[in-house]
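Asker: What follows is work_34.pdb; its format and atoms are PDB, C-alpha atoms.
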ATOM      1  CA  MET A   1      49.014  10.302 -32.247
ATOM      2  CA  THR A   2      46.597  12.957 -33.423
ATOM      3  CA  ASP A   3      47.304  16.648 -33.579
ATOM      4  CA  PRO A   4      44.123  18.619 -32.754
ATOM      5  CA  ALA A   5      45.364  21.751 -34.517
ATOM      6  CA  ALA A   6      46.143  19.757 -37.662
ATOM      7  CA  ASP A   7      42.744  18.041 -37.401
ATOM      8  CA  ARG A   8      41.041  21.440 -37.293
ATOM      9  CA  ARG A   9      43.005  22.663 -40.306
ATOM     10  CA  ASP A  10      42.143  19.493 -42.226
ATOM     11  CA  LEU A  11      38.481  19.847 -41.318
ATOM     12  CA  LEU A  12      38.383  23.468 -42.452
ATOM     13  CA  ALA A  13      40.203  22.611 -45.674
ATOM     14  CA  ALA A  14      37.827  19.749 -46.424
ATOM     15  CA  LEU A  15      34.713  21.809 -45.753
ATOM     16  CA  LEU A  16      35.811  25.020 -47.480
ATOM     17  CA  GLY A  17      37.796  23.538 -50.378
ATOM     18  CA  PRO A  18      40.664  25.178 -52.217
ATOM     19  CA  GLY A  19      38.945  28.556 -52.721
ATOM     20  CA  GLU A  20      40.611  29.233 -56.043
ATOM     21  CA  PRO A  21      39.935  28.309 -59.673
ATOM     22  CA  GLU A  22      40.213  24.587 -60.216
ATOM     23  CA  LEU A  23      39.760  21.962 -62.881
ATOM     24  CA  THR A  24      36.673  19.790 -63.133
ATOM     25  CA  CYS A  25      36.984  16.065 -62.358
ATOM     26  CA  GLU A  26      36.707  15.379 -66.095
ATOM     27  CA  ASP A  27      39.530  17.754 -67.012
ATOM     28  CA  CYS A  28      41.592  16.434 -64.139
ATOM     29  CA  PHE A  29      41.370  12.920 -65.584
ATOM     30  CA  GLU A  30      42.106  14.236 -69.061
ATOM     31  CA  LEU A  31      45.303  15.998 -67.979
ATOM     32  CA  LEU A  32      46.483  13.736 -65.176
ATOM     33  CA  ASP A  33      49.023  11.730 -67.221
ATOM     34  CA  ARG A  34      50.717  14.879 -68.484
ATOM     35  CA  TYR A  35      50.729  16.432 -65.025
ATOM     36  CA  VAL A  36      52.274  13.365 -63.387
ATOM     37  CA  GLU A  37      55.063  13.135 -65.955
ATOM     38  CA  LEU A  38      55.792  16.848 -65.535
ATOM     39  CA  GLU A  39      55.858  16.397 -61.765
ATOM     40  CA  LEU A  40      58.374  13.574 -62.085
ATOM     41  CA  GLU A  41      60.485  15.358 -64.713
ATOM     42  CA  LEU A  42      60.377  18.854 -63.254
ATOM     43  CA  ALA A  43      59.780  20.470 -59.911
ATOM     44  CA  GLY A  44      56.194  20.434 -58.641
ATOM     45  CA  ALA A  45      55.778  24.173 -59.154
ATOM     46  CA  ALA A  46      56.632  23.827 -62.844
ATOM     47  CA  ALA A  47      53.960  21.158 -63.257
ATOM     48  CA  ASP A  48      51.477  23.422 -61.474
ATOM     49  CA  ARG A  49      52.298  26.274 -63.847
ATOM     50  CA  ALA A  50      51.909  23.999 -66.872
ATOM     51  CA  VAL A  51      48.540  22.658 -65.725
ATOM     52  CA  PRO A  52      46.804  25.473 -63.861
ATOM     53  CA  GLY A  53      43.933  24.470 -61.632
ATOM     54  CA  MET A  54      45.194  20.904 -61.148
ATOM     55  CA  ARG A  55      46.798  21.421 -57.727
ATOM     56  CA  ALA A  56      43.680  23.182 -56.431
ATOM     57  CA  HIS A  57      41.432  20.399 -57.672
ATOM     58  CA  LEU A  58      43.621  17.687 -56.159
ATOM     59  CA  SER A  59      43.452  19.455 -52.814
ATOM     60  CA  GLY A  60      39.649  19.644 -52.996
ATOM     61  CA  CYS A  61      38.679  16.290 -54.505
ATOM     62  CA  PRO A  62      39.646  13.205 -52.464
ATOM     63  CA  ALA A  63      38.910  10.731 -55.272
ATOM     64  CA  CYS A  64      41.004  12.570 -57.864
ATOM     65  CA  ARG A  65      43.742  12.983 -55.250
ATOM     66  CA  ASP A  66      43.767   9.200 -54.783
ATOM     67  CA  ASP A  67      43.893   8.670 -58.544
ATOM     68  CA  HIS A  68      46.790  11.117 -58.816
ATOM     69  CA  GLU A  69      48.784   9.433 -56.063
ATOM     70  CA  SER A  70      48.274   6.031 -57.663
ATOM     71  CA  LEU A  71      49.395   7.127 -61.127
ATOM     72  CA  ARG A  72      52.387   8.984 -59.736
ATOM     73  CA  GLU A  73      53.470   5.965 -57.674
ATOM     74  CA  LEU A  74      53.041   3.573 -60.582
ATOM     75  CA  VAL A  75      54.907   5.719 -63.112
ATOM     76  CA  ALA A  76      57.706   6.384 -60.622
ATOM     77  CA  ALA A  77      57.983   2.662 -59.924
ATOM     78  CA  GLU A  78      58.090   1.884 -63.652
ATOM     79  CA  GLU A  79      60.794   4.495 -64.180
ATOM     80  CA  ARG A  80      62.886   3.005 -61.383
ATOM     81  CA  ARG A  81      62.463  -0.413 -62.935
ATOM     82  CA  ALA A  82      63.464   0.766 -66.447
TER      83      ALA A  82
ATOM     84  CA  MET B   1      41.720  37.313 -47.429
ATOM     85  CA  LEU B   2      43.999  35.186 -49.514
ATOM     86  CA  LYS B   3      42.440  35.151 -52.947
ATOM     87  CA  ALA B   4      38.992  35.646 -54.363
ATOM     88  CA  ALA B   5      37.429  32.858 -56.385
ATOM     89  CA  GLY B   6      36.906  34.045 -59.920
ATOM     90  CA  THR B   7      33.526  32.567 -60.729
ATOM     91  CA  GLY B   8      30.759  30.580 -59.166
ATOM     92  CA  THR B   9      31.565  27.385 -61.005
ATOM     93  CA  VAL B  10      34.270  24.797 -61.202
ATOM     94  CA  ARG B  11      36.190  26.271 -64.070
ATOM     95  CA  ARG B  12      37.934  24.807 -67.030
ATOM     96  CA  VAL B  13      41.096  26.812 -66.660
ATOM     97  CA  ALA B  14      43.411  25.587 -69.367
ATOM     98  CA  CYS B  15      44.553  22.992 -71.822
ATOM     99  CA  GLN B  16      41.290  21.949 -73.411
ATOM    100  CA  PRO B  17      41.961  18.450 -74.711
ATOM    101  CA  SER B  18      40.346  18.919 -78.096
ATOM    102  CA  ALA B  19      41.888  22.318 -78.756
ATOM    103  CA  THR B  20      45.111  20.911 -80.182
ATOM    104  CA  PRO B  21      44.623  17.916 -82.443
ATOM    105  CA  SER B  22      48.324  17.248 -82.982
ATOM    106  CA  PRO B  23      50.623  15.966 -80.233
ATOM    107  CA  ALA B  24      51.684  18.919 -78.091
ATOM    108  CA  ARG B  25      55.079  17.547 -77.125
ATOM    109  CA  GLY B  26      55.686  15.121 -79.972
ATOM    110  CA  LEU B  27      55.363  11.370 -79.757
ATOM    111  CA  ASP B  28      58.238   9.350 -78.397
ATOM    112  CA  ALA B  29      59.201   6.271 -80.404
ATOM    113  CA  ASP B  30      57.541   3.786 -78.066
ATOM    114  CA  SER B  31      54.250   5.699 -78.036
ATOM    115  CA  ARG B  32      54.317   6.011 -81.807
ATOM    116  CA  ARG B  33      54.779   2.256 -82.104
ATOM    117  CA  TRP B  34      51.853   1.604 -79.772
ATOM    118  CA  LEU B  35      49.623   3.851 -81.882
ATOM    119  CA  GLU B  36      50.754   2.330 -85.175
ATOM    120  CA  ASP B  37      50.281  -1.232 -83.947
ATOM    121  CA  LEU B  38      46.881  -0.565 -82.346
ATOM    122  CA  SER B  39      45.640   1.405 -85.341
ATOM    123  CA  GLY B  40      46.747  -1.167 -87.894
ATOM    124  CA  GLY B  41      45.231  -4.526 -88.604
ATOM    125  CA  GLY B  42      45.826  -8.242 -88.564
ATOM    126  CA  HIS B  43      48.213 -10.051 -86.278
ATOM    127  CA  ALA B  44      50.179  -6.935 -85.361
ATOM    128  CA  ARG B  45      47.060  -5.327 -83.917
ATOM    129  CA  ASP B  46      46.010  -8.500 -82.116
ATOM    130  CA  ALA B  47      49.454  -8.775 -80.571
ATOM    131  CA  ALA B  48      49.421  -5.108 -79.571
ATOM    132  CA  ILE B  49      46.013  -5.517 -77.911
ATOM    133  CA  ALA B  50      47.319  -8.509 -75.976
ATOM    134  CA  ARG B  51      50.360  -6.488 -74.852
ATOM    135  CA  LEU B  52      48.113  -3.600 -73.910
ATOM    136  CA  HIS B  53      45.924  -5.866 -71.816
ATOM    137  CA  GLU B  54      49.001  -7.150 -69.993
ATOM    138  CA  LEU B  55      50.073  -3.587 -69.295
ATOM    139  CA  LEU B  56      46.623  -2.622 -68.030
ATOM    140  CA  LEU B  57      46.426  -5.732 -65.878
ATOM    141  CA  ARG B  58      49.774  -4.871 -64.308
ATOM    142  CA  ALA B  59      48.443  -1.393 -63.466
ATOM    143  CA  ALA B  60      45.164  -2.764 -62.105
ATOM    144  CA  ARG B  61      47.019  -5.244 -59.896
ATOM    145  CA  PHE B  62      49.232  -2.413 -58.658
ATOM    146  CA  GLU B  63      46.136  -0.434 -57.677
ATOM    147  CA  VAL B  64      44.409  -3.377 -56.021
ATOM    148  CA  SER B  65      47.546  -4.163 -54.046
ATOM    149  CA  ARG B  66      48.038  -0.535 -53.083
ATOM    150  CA  ARG B  67      44.491  -0.049 -51.823
ATOM    151  CA  ARG B  68      44.030  -3.502 -50.364
ATOM    152  CA  ARG B  69      45.880  -2.523 -47.199
ATOM    153  CA  ALA B  70      43.372   0.273 -46.571
ATOM    154  CA  LEU B  71      40.375  -2.016 -47.164
ATOM    155  CA  PRO B  72      40.953  -4.958 -44.811
ATOM    156  CA  HIS B  73      37.275  -5.886 -44.699
ATOM    157  CA  LEU B  74      37.209  -6.838 -48.378
ATOM    158  CA  ARG B  75      36.756 -10.521 -48.971
ATOM    159  CA  GLY B  76      39.969 -12.258 -49.898
ATOM    160  CA  GLY B  77      40.380 -14.140 -53.145
ATOM    161  CA  ASP B  78      38.472 -11.612 -55.236
ATOM    162  CA  ASP B  79      41.445  -9.382 -55.804
ATOM    163  CA  ASP B  80      42.625 -10.860 -59.063
ATOM    164  CA  ASP B  81      39.096 -11.088 -60.465
ATOM    165  CA  LEU B  82      38.699  -7.422 -59.716
ATOM    166  CA  ALA B  83      42.022  -6.615 -61.376
ATOM    167  CA  GLN B  84      41.050  -8.666 -64.441
ATOM    168  CA  GLN B  85      37.677  -6.913 -64.702
ATOM    169  CA  SER B  86      39.400  -3.550 -64.350
ATOM    170  CA  ALA B  87      41.911  -4.400 -67.084
ATOM    171  CA  ASP B  88      39.112  -5.618 -69.376
ATOM    172  CA  ASP B  89      37.088  -2.423 -68.867
ATOM    173  CA  ALA B  90      40.165  -0.239 -69.219
ATOM    174  CA  LEU B  91      41.084  -1.977 -72.488
ATOM    175  CA  VAL B  92      37.678  -1.115 -73.933
ATOM    176  CA  ALA B  93      38.037   2.504 -72.755
ATOM    177  CA  VAL B  94      41.585   2.885 -74.120
ATOM    178  CA  LEU B  95      40.673   1.494 -77.540
ATOM    179  CA  ALA B  96      37.575   3.695 -77.690
ATOM    180  CA  LYS B  97      39.595   6.810 -76.838
ATOM    181  CA  LEU B  98      42.704   6.004 -78.844
ATOM    182  CA  GLY B  99      41.984   8.851 -81.249
ATOM    183  CA  SER B 100      42.072  11.368 -78.418
ATOM    184  CA  PHE B 101      45.610  10.469 -77.328
ATOM    185  CA  ARG B 102      47.675  13.555 -78.183
ATOM    186  CA  GLY B 103      51.087  12.518 -76.961
ATOM    187  CA  ASP B 104      51.155  14.916 -74.028
ATOM    188  CA  SER B 105      52.546  12.004 -72.026
ATOM    189  CA  ARG B 106      53.943   8.602 -72.873
ATOM    190  CA  PHE B 107      51.286   6.253 -74.203
ATOM    191  CA  THR B 108      51.837   3.878 -71.302
ATOM    192  CA  THR B 109      51.235   6.639 -68.718
ATOM    193  CA  TRP B 110      48.073   7.658 -70.562
ATOM    194  CA  ALA B 111      46.849   4.043 -70.665
ATOM    195  CA  TYR B 112      47.724   3.358 -67.031
ATOM    196  CA  LYS B 113      45.300   5.981 -65.766
ATOM    197  CA  PHE B 114      42.356   4.111 -67.270
ATOM    198  CA  ALA B 115      43.286   0.890 -65.474
ATOM    199  CA  LEU B 116      43.953   2.672 -62.192
ATOM    200  CA  TYR B 117      40.651   4.512 -62.461
ATOM    201  CA  GLU B 118      38.656   1.344 -63.189
ATOM    202  CA  ALA B 119      40.297  -0.510 -60.309
ATOM    203  CA  ALA B 120      39.901   2.379 -57.869
ATOM    204  CA  VAL B 121      36.208   2.836 -58.639
ATOM    205  CA  LYS B 122      35.538  -0.896 -58.308
ATOM    206  CA  LEU B 123      37.412  -1.073 -55.016
ATOM    207  CA  ARG B 124      35.605   1.924 -53.558
ATOM    208  CA  ARG B 125      32.251   0.497 -54.605
ATOM    209  CA  ARG B 126      33.179  -2.925 -53.222
ATOM    210  CA  ALA B 127      34.152  -1.374 -49.912
ATOM    211  CA  TRP B 128      30.794   0.382 -49.605
ATOM    212  CA  GLN B 129      28.490  -2.266 -51.030
ATOM    213  CA  ASP B 130      25.708  -3.298 -48.658
ATOM    214  CA  ARG B 131      26.536  -0.327 -46.456
ATOM    215  CA  GLU B 132      24.083   2.468 -45.865
ATOM    216  CA  LEU B 133      25.583   5.795 -46.864
ATOM    217  CA  PRO B 134      25.847   8.249 -43.964
ATOM    218  CA  LEU B 135      24.246  11.343 -45.465
ATOM    219  CA  GLU B 136      23.219  12.889 -42.165
ATOM    220  CA  PRO B 137      25.607  15.158 -40.334
ATOM    221  CA  ASP B 138      27.176  12.761 -37.869
ATOM    222  CA  GLY B 139      30.113  15.096 -38.219
ATOM    223  CA  TRP B 140      28.409  17.864 -36.249
ATOM    224  CA  SER B 141      29.801  16.485 -33.046
ATOM    225  CA  PHE B 142      33.209  16.303 -34.681
ATOM    226  CA  ILE B 143      32.965  19.956 -35.623
ATOM    227  CA  ALA B 144      31.889  20.853 -32.105
ATOM    228  CA  ALA B 145      34.725  18.810 -30.613
ATOM    229  CA  ALA B 146      37.218  20.339 -32.995
ATOM    230  CA  GLY B 147      35.981  23.779 -32.050
ATOM    231  CA  ALA B 148      36.405  23.124 -28.352
ATOM    232  CA  SER B 149      40.023  24.125 -28.376
ATOM    233  CA  PRO B 150      42.378  25.918 -26.026
ATOM    234  CA  ALA B 151      42.231  29.671 -25.777
ATOM    235  CA  GLU B 152      45.073  30.214 -28.242
ATOM    236  CA  HIS B 153      42.899  28.595 -30.891
ATOM    237  CA  ALA B 154      39.739  30.472 -29.929
ATOM    238  CA  ALA B 155      39.496  32.204 -33.300
ATOM    239  CA  GLU B 156      39.622  28.874 -35.090
ATOM    240  CA  GLY B 157      36.932  27.568 -32.738
ATOM    241  CA  GLU B 158      34.733  30.568 -33.554
ATOM    242  CA  LEU B 159      35.243  29.930 -37.251
ATOM    243  CA  LEU B 160      34.226  26.289 -36.875
ATOM    244  CA  ALA B 161      31.111  27.266 -34.902
ATOM    245  CA  ALA B 162      30.166  29.787 -37.592
ATOM    246  CA  LEU B 163      30.825  27.170 -40.234
ATOM    247  CA  GLN B 164      28.502  24.724 -38.524
ATOM    248  CA  THR B 165      25.774  27.376 -38.502
ATOM    249  CA  ALA B 166      26.418  28.196 -42.156
ATOM    250  CA  ILE B 167      26.151  24.531 -43.163
ATOM    251  CA  GLY B 168      22.767  24.410 -41.470
ATOM    252  CA  GLU B 169      21.440  27.682 -42.840
ATOM    253  CA  ALA B 170      23.142  28.612 -46.114
ATOM    254  CA  LEU B 171      23.067  25.347 -48.036
ATOM    255  CA  SER B 172      20.239  23.577 -49.823
ATOM    256  CA  GLY B 173      19.331  20.110 -48.547
ATOM    257  CA  HIS B 174      21.111  18.455 -51.484
ATOM    258  CA  GLN B 175      24.232  20.577 -51.065
ATOM    259  CA  ARG B 176      24.326  19.782 -47.349
ATOM    260  CA  GLU B 177      23.878  16.075 -48.004
ATOM    261  CA  VAL B 178      26.707  15.977 -50.545
ATOM    262  CA  LEU B 179      29.065  18.107 -48.444
ATOM    263  CA  VAL B 180      28.463  16.095 -45.297
ATOM    264  CA  ALA B 181      28.730  12.714 -47.003
ATOM    265  CA  ILE B 182      31.982  13.478 -48.814
ATOM    266  CA  THR B 183      33.873  15.758 -46.438
ATOM    267  CA  LEU B 184      32.674  14.673 -42.991
ATOM    268  CA  ASN B 185      31.581  11.083 -43.415
ATOM    269  CA  GLY B 186      34.198   9.976 -45.944
ATOM    270  CA  VAL B 187      31.852   8.602 -48.590
ATOM    271  CA  PRO B 188      33.774   8.312 -51.887
ATOM    272  CA  ILE B 189      32.358  10.646 -54.503
ATOM    273  CA  ASP B 190      31.871   7.927 -57.127
ATOM    274  CA  VAL B 191      30.050   5.705 -54.630
ATOM    275  CA  LEU B 192      27.748   8.587 -53.766
ATOM    276  CA  ALA B 193      27.255   9.359 -57.464
ATOM    277  CA  GLU B 194      26.196   5.784 -58.143
ATOM    278  CA  ARG B 195      23.696   5.756 -55.260
ATOM    279  CA  LEU B 196      22.243   9.130 -56.232
ATOM    280  CA  ASN B 197      22.136   8.143 -59.910
ATOM    281  CA  THR B 198      24.310  11.013 -61.033
ATOM    282  CA  THR B 199      27.914  11.568 -62.121
ATOM    283  CA  ARG B 200      31.107  12.265 -60.223
ATOM    284  CA  GLY B 201      31.485  15.545 -62.100
ATOM    285  CA  ALA B 202      27.966  16.693 -61.262
ATOM    286  CA  LEU B 203      28.468  15.896 -57.587
ATOM    287  CA  TYR B 204      31.783  17.718 -57.463
ATOM    288  CA  LYS B 205      30.060  20.766 -58.957
ATOM    289  CA  THR B 206      27.486  20.554 -56.146
ATOM    290  CA  LEU B 207      30.303  20.271 -53.590
ATOM    291  CA  HIS B 208      32.131  23.220 -55.140
ATOM    292  CA  ASP B 209      29.018  25.383 -55.080
ATOM    293  CA  ALA B 210      28.335  24.446 -51.448
ATOM    294  CA  ARG B 211      31.889  25.380 -50.461
ATOM    295  CA  LYS B 212      31.570  28.678 -52.284
ATOM    296  CA  LYS B 213      28.360  29.478 -50.408
ATOM    297  CA  LEU B 214      30.035  28.651 -47.100
ATOM    298  CA  ARG B 215      33.024  30.873 -47.844
ATOM    299  CA  ALA B 216      30.730  33.718 -48.827
ATOM    300  CA  ARG B 217      28.633  33.293 -45.681
ATOM    301  CA  LEU B 218      31.699  33.255 -43.448
ATOM    302  CA  ALA B 219      33.011  36.376 -45.163
ATOM    303  CA  GLU B 220      29.694  38.107 -44.532
ATOM    304  CA  ASP B 221      30.098  37.146 -40.891
ATOM    305  CA  GLY B 222      33.486  38.873 -40.862
ATOM    306  CA  PHE B 223      35.790  35.877 -41.054
ATOM    307  CA  GLU B 224      38.890  35.866 -43.213
ATOM    308  CA  VAL B 225      38.618  32.930 -45.564
ATOM    309  CA  PRO B 226      40.219  32.085 -48.893
ATOM    310  CA  GLY B 227      38.105  32.315 -51.983
ATOM    311  CA  ALA B 228      35.275  34.316 -50.442
ATOM    312  CA  GLU B 229      33.667  36.926 -52.622
ATOM    313  CA  GLY B 230      32.264  40.232 -51.550
ATOM    314  CA  ARG B 231      33.698  40.255 -48.082
ATOM    315  CA  PRO B 232      32.391  43.376 -46.367
ATOM    316  CA  THR B 233      34.997  45.806 -45.155
TER     317      THR B 233
END
Re-express the file's structure as structure tokens.

Answerer:
Amino acid sequence: MTDPAADRRDLLAALLGPGEPELTCEDCFELLDRYVELELELAGAAADRAVPGMRAHLSGCPACRDDHESLRELVAAEERRA
Amino acid sequence: MLKAAGTGTVRRVACQPSATPSPARGLDADSRRWLEDLSGGGHARDAAIARLHELLLRAARFEVSRRRRALPHLRGGDDDDLAQQSADDALVAVLAKLGSFRGDSRFTTWAYKFALYEAAVKLRRRAWQDRELPLEPDGWSFIAAAGASPAEHAAEGELLAALQTAIGEALSGHQREVLVAITLNGVPIDVLAERLNTTRGALYKTLHDARKKLRARLAEDGFEVPGAEGRPT
């Protein structure tokens, strides 16, 4: 079931982007492994403080967001398996 | 207004990779062993490369499996070929960049991202091959529909209408094309980059600049938006 208000918010967010300083795609890739481990070791806010601009970029770039979710899922799965 | 964007570009805000040549957090024992084995010679290096390929293949298969559900129109049977190709390409990339590994994460986490990236790009390209990219604003009607909301959301509707006007008037043709393709029509940025013969980074810069123009235009029109500069009082 769709939520029209949420759809509007998503549309505005996609069109207007994060509106704050953010990493480039290249820097995002460079720092993604560190960020994911910090996210899994610490609270999300601590990871955001350690890698400024990452959260904003992930909210604005769908491809990097996908890459982030994949790495986080894989590393979490490996840690559960270990 | 929530917060003004600092500059007109996508900024490098911290942690430049080459700024600190030594490991920032110190290497764990497993990562150190990977580096020693891969940097050495003879049978130990060959064995380490084989282990690394296995690790990358496991990551590539994870990615293919994860995304496969969202790409039901992909032909079956190609999945493992795609994972193998991704692992092969990732192995080349990891070995080429081995000297840049600083130990900010475990070696395996660092290596995984190359395999995931290769698999994700190949899957996105596979999903869009032979398809014409929708660069025209089919999303206009979506914006209009989204703006046609009940009275309690009238302000949001006004903002969407102003945004539609701004997309038409404030952006260059290239900016509009990139914005529409990526944000309204769901074209993956690396697929668009390949078709336009440019890079993902260059396209994201274009997208960022387009968004900045839109925020500025909306602010000029009196709307409260995050990241807009020079909003008139």

Asker: Just to confirm, what's the straight-line distance from CA of Arg81 (chain A) to CA of Asp79 (chain B) in Å (one decimal)?

Answerer: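 Atom-to-atom, CA of Arg81 (chain A) and CA of Asp79 (chain B) are spaced 23.9 Å apart.
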
Asker: Nearest residue to Leu11 (chain A) out of B:Asn185, B:Ala93, B:Leu35, B:Arg66, using only C-alpha atoms?

Answerer: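 Residue with the minimum atom-to-atom distance to Leu11 (chain A): B:Asn185.
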
Asker: For chain A against chain B, which residues fall within 9 Å using only C-alpha atoms, given as an MDAnalysis selection string?

Answerer: chainID A and resid 4:5 7:9 11:12 14:27 29:38 50:53 60:63 66:68 70:71 74:75

Asker: Put the listed atoms of region 30-49 of chain A in a box along x, y and z with 3 Å added on every side and give me the centre and edge lengths in Å to one decimal, as JSON.

Answerer:
{"center_x": 51.3, "center_y": 19.0, "center_z": -63.9, "size_x": 24.4, "size_y": 20.5, "size_z": 16.4}

Asker: Give me the result of the PyMOL selection byres ((chain B and resi 47-55) around 8) on this file, residue by residue, as an NGL selection string.

Answerer: :B and (34 or 37-38 or 43-46 or 56-59 or 87-88 or 91 or 108 or 112)

Asker: Expressed in Å to a single decimal, how great is the separation between CA of Glu224 (chain B) and CA of Asp10 (chain A)?

Answerer: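 CA of Asp10 (chain A) lies at a distance of 16.7 Å from CA of Glu224 (chain B).
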